[in-house]
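Undergrad: Below you will find the structure I want to go over with you.
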Amino acid sequence: MGITARGVGLLVAAVVLLGAGFRFAYPELTLLGAAAGAAVGYAALTAAWRPRLVVARRANPDRVARGEPASMTLTVRNTGRLRSANLLAEDRCGSRAVPVPLLRLRPGRDTEVRYDVPTDRRGVVAVGPLRVTRCDPLGLVALARPYGETAPVWVHPRIHPLSAVPTGAGRSLDGRVDGVPHGSITFDSLREYVVGDDLRRVHWRTSARVGELMVRENVDTSLPRLIVLLDNRAAAHPHRSGGVAESFESACEAAASVVTAAHRADLPVVLLLVGPEQGDGGDGPALGPLDRLAAAGLSDEDDALRAVTTRLRQDRLGDTLIFLTGPGGRDGLGHVGALRGAYPSVLVGVFGAADPTPAGTAGLVVVDAADGAQFAAEWDGVRRW
């Protein structure tokens, strides 16, 4: 609860008048002071009354690519028995305040406001909660309360179409590596039988041991397993324009393009970030790769690249590694080059560099690109590296 400047002035006047009235035995001053104090008390009681409002919001859509239109529809319903008099309301949309008309909203009625959500920048735009301020008729006391929950609008990076993804590589028994267009089928794991499974895939020996039908799960070992490693270290993207690292935005667009192309080709792909991700350790549902890219931010942990390359060398999560970084990340290409023994195919994308990366850096295939669109244009020439 907050007392306005007018309320503070009236409260001070009430104290002065009461003091002067009692001190100098002026009943008129005492009466005026008591009236002023009573007015402030009445204002506090009036503002403390909580209106019964139900807030519902709907994003259309709640996930868009950068630059695409998105809107939010807010509906506020008065479920109380009194009119919502002396109410001022505004909805929060990122850093912007959107006024919502609630003055004299009748019982059982609702009001609806629709406004555009800014999507000119990648990120997660937090919309809400609705902030309702109730004032007394004299404007002495104002009390603001939040209503409803916050709804996120996910602004994904732009996706640039890629012509293809890397072809598979199947390892034969004599150690040679062959290109396999369709792949071979290899046993991977067992799972419980579900209606519709082919009975020829039932593993009878395990089924007899556990007492229920178990079926074999196979994988295609020749399909390329893509690892997209996004460098989100602040040191890798030192240049800022209006507080935004454009090289990091371009790297996010390239990562989103590769991940989307892999999903469309039904190929396994893993997205990793060098530094810690925003929201790590939460109890909510796991986010998809595009949502993770929308929420990705720069990290100040400059030594994170060494730790993540060590993990990649030990776990060997795939066979095709795509490292996306900025001009400041070229100093760490030696760590990425050390992974060539564990990953047969390694590609590095450097964004926003003023000068080209020296040829043959750490023995890697390096693509210098100004933005995500240029990276996609050059992808077809290097996808079979």
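So you can find residues: chains in the structure tokens are A, B, ... in the order shown, residues in each start at 1, and ligands are numbered from 1 in order.
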Output as number ranges by chain all residues of stretch 231-301 of chain A that backbone DSSP marks as helix (DSSP H, G or I).

TA: A: 234-236, 246-264, 289-295

Undergrad: Please list as a short mmCIF file (atom, residue, chain, number, x, y, z; two decimals) with N, CA, C and O atoms, in the first residue's frame every residue within 10 Å of A:Leu32, counting only C-alpha atoms and excluding residues in the same chain fewer than 6 positions away.

TA:
data_model
loop_
_atom_site.label_atom_id
_atom_site.label_comp_id
_atom_site.auth_asym_id
_atom_site.auth_seq_id
_atom_site.Cartn_x
_atom_site.Cartn_y
_atom_site.Cartn_z
N ALA A 13 -0.99 17.41 7.69
CA ALA A 13 -1.89 18.48 8.13
C ALA A 13 -2.77 18.01 9.29
O ALA A 13 -3.03 18.78 10.23
N ALA A 14 -3.20 16.74 9.26
CA ALA A 14 -4.02 16.23 10.35
C ALA A 14 -3.25 16.22 11.66
O ALA A 14 -3.78 16.61 12.72
N LEU A 17 -2.78 19.91 12.81
CA LEU A 17 -4.03 20.49 13.30
C LEU A 17 -4.44 19.90 14.65
O LEU A 17 -4.88 20.62 15.55
N LEU A 18 -4.31 18.59 14.79
CA LEU A 18 -4.64 17.98 16.07
C LEU A 18 -3.73 18.48 17.18
O LEU A 18 -4.17 18.79 18.30
N GLY A 21 -4.65 22.12 17.91
CA GLY A 21 -5.95 22.22 18.55
C GLY A 21 -5.89 21.84 20.02
O GLY A 21 -6.47 22.54 20.88
N ALA A 38 -9.45 11.07 9.58
CA ALA A 38 -10.49 10.12 9.20
C ALA A 38 -10.52 9.91 7.69
O ALA A 38 -10.77 8.80 7.20
#

Undergrad: Just give me the gap between atom CA of A:Leu273 and atom CA of A:Asn232 in Å, one decimal is fine.

TA: 6.4 Å

Undergrad: Which residue gives the smallest distance to A:Ser257 among A:Thr133, A:Thr46, A:Thr357, A:Ser163, with only C-alpha atoms counted?

TA: A:Ser163

Undergrad: Would you work out the distance separating atom CA of A:Ala254 from atom CA of A:Met72, expressed in Å to one decimal?

TA: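 Atom CA of A:Ala254 sits 28.5 Å away from atom CA of A:Met72.
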
Undergrad: DSSP on the backbone, then: every residue of stretch 191-286 of chain A marked strand (DSSP E), written as an mmCIF file with C-alpha atoms, in the first residue's frame.

TA:
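Result went into result.cif, see below:
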data_model
loop_
_atom_site.group_PDB
_atom_site.id
_atom_site.type_symbol
_atom_site.label_atom_id
_atom_site.label_comp_id
_atom_site.auth_asym_id
_atom_site.auth_seq_id
_atom_site.Cartn_x
_atom_site.Cartn_y
_atom_site.Cartn_z
ATOM 1 C CA ARG A 191 11.841 -52.757 -24.133
ATOM 2 C CA GLU A 192 8.409 -54.058 -23.154
ATOM 3 C CA MET A 214 10.361 -58.021 -24.437
ATOM 4 C CA VAL A 215 11.179 -56.803 -27.938
ATOM 5 C CA ARG A 216 14.466 -55.729 -29.512
ATOM 6 C CA GLU A 217 15.180 -52.088 -30.325
ATOM 7 C CA ASN A 218 17.526 -51.555 -33.287
ATOM 8 C CA VAL A 219 19.425 -48.488 -34.438
ATOM 9 C CA ASP A 220 20.941 -47.451 -37.720
ATOM 10 C CA LEU A 226 25.195 -34.605 -35.311
ATOM 11 C CA ILE A 227 26.539 -32.650 -32.352
ATOM 12 C CA VAL A 228 25.916 -28.901 -32.598
ATOM 13 C CA LEU A 229 28.142 -27.070 -30.109
ATOM 14 C CA LEU A 230 27.166 -23.409 -29.660
ATOM 15 C CA VAL A 269 21.045 -34.380 -33.417
ATOM 16 C CA VAL A 270 22.200 -33.051 -30.049
ATOM 17 C CA LEU A 271 22.461 -29.359 -29.177
ATOM 18 C CA LEU A 272 25.082 -28.386 -26.602
ATOM 19 C CA LEU A 273 26.115 -25.005 -25.231
#

Undergrad: Which residue out of A:Ala286, A:Ala369, A:Ala47, A:Leu29 has the minimum interatomic distance to A:Ala142 when only C-alpha atoms are used?

TA: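 Nearest candidate to A:Ala142 out of A:Ala286, A:Ala369, A:Ala47, A:Leu29: A:Ala47.
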
Undergrad: Need to verify the contact set: A:Val141, 8 Å, only C-alpha atoms, exclusion of same-chain residues closer than 5 positions in sequence. Can you return it as a list in words?

TA: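 The neighbour list is Met1, Gly2, Ile3, Thr4, Gly7, Val40, Ala43, Ala44, Ala47, Cys135 and Asp136 of chain A.
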
Undergrad: Which residue gives the smallest distance to A:Val259 among A:Ile159, A:Ala338, A:Leu199, A:Ala89, with only C-alpha atoms counted?

TA: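 When distances to A:Val259 are compared using only C-alpha atoms, the smallest one comes from A:Ile159.
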
Undergrad: Go through A:Arg122, A:Arg52, A:His237, A:Arg306 one by one, measure the shortest atom-to-atom distance of each to A:Gly334 using only C-alpha atoms, and give the residue with the smallest value.

TA: A:Arg306

Undergrad: Ranking A:Val113, A:Pro118, A:Gly37, A:Thr150 by minimum distance to A:Arg92 and counting only C-alpha atoms, which one comes first?

TA: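 That would be A:Thr150, the residue with the smallest distance to A:Arg92.
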
Undergrad: Find the residue from A:Arg109, A:Arg233, A:His263, A:Arg58 that sits nearest to A:Gly80; use only C-alpha atoms when measuring.

TA: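 Result for the nearest residue to A:Gly80: A:Arg109.
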
Undergrad: A:Ala151: which residues within 9 Å, counting only C-alpha atoms, same-chain residues fewer than 6 positions away excluded, as a list of chain:residue names?

TA: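 Near neighbours after the sequence-gap exclusion: A:Arg57, A:Arg58, A:Ala59, A:Asp62, A:Val125, A:Ala126, A:Val127, A:Gly128, A:Pro129.
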
Undergrad: State, in Å with one decimal place, the distance from atom CA of A:Leu347 to atom CA of A:Trp154.

TA: 28.5 Å

Undergrad: Please identify all polymer residues within 9 Å of A:Cys252, counting only C-alpha atoms, omitting same-chain residues fewer than 6 positions from it, and present them as JSON, numbers by chain.

TA: {"A": [156, 157, 158, 230, 293, 294, 296, 324, 372]}
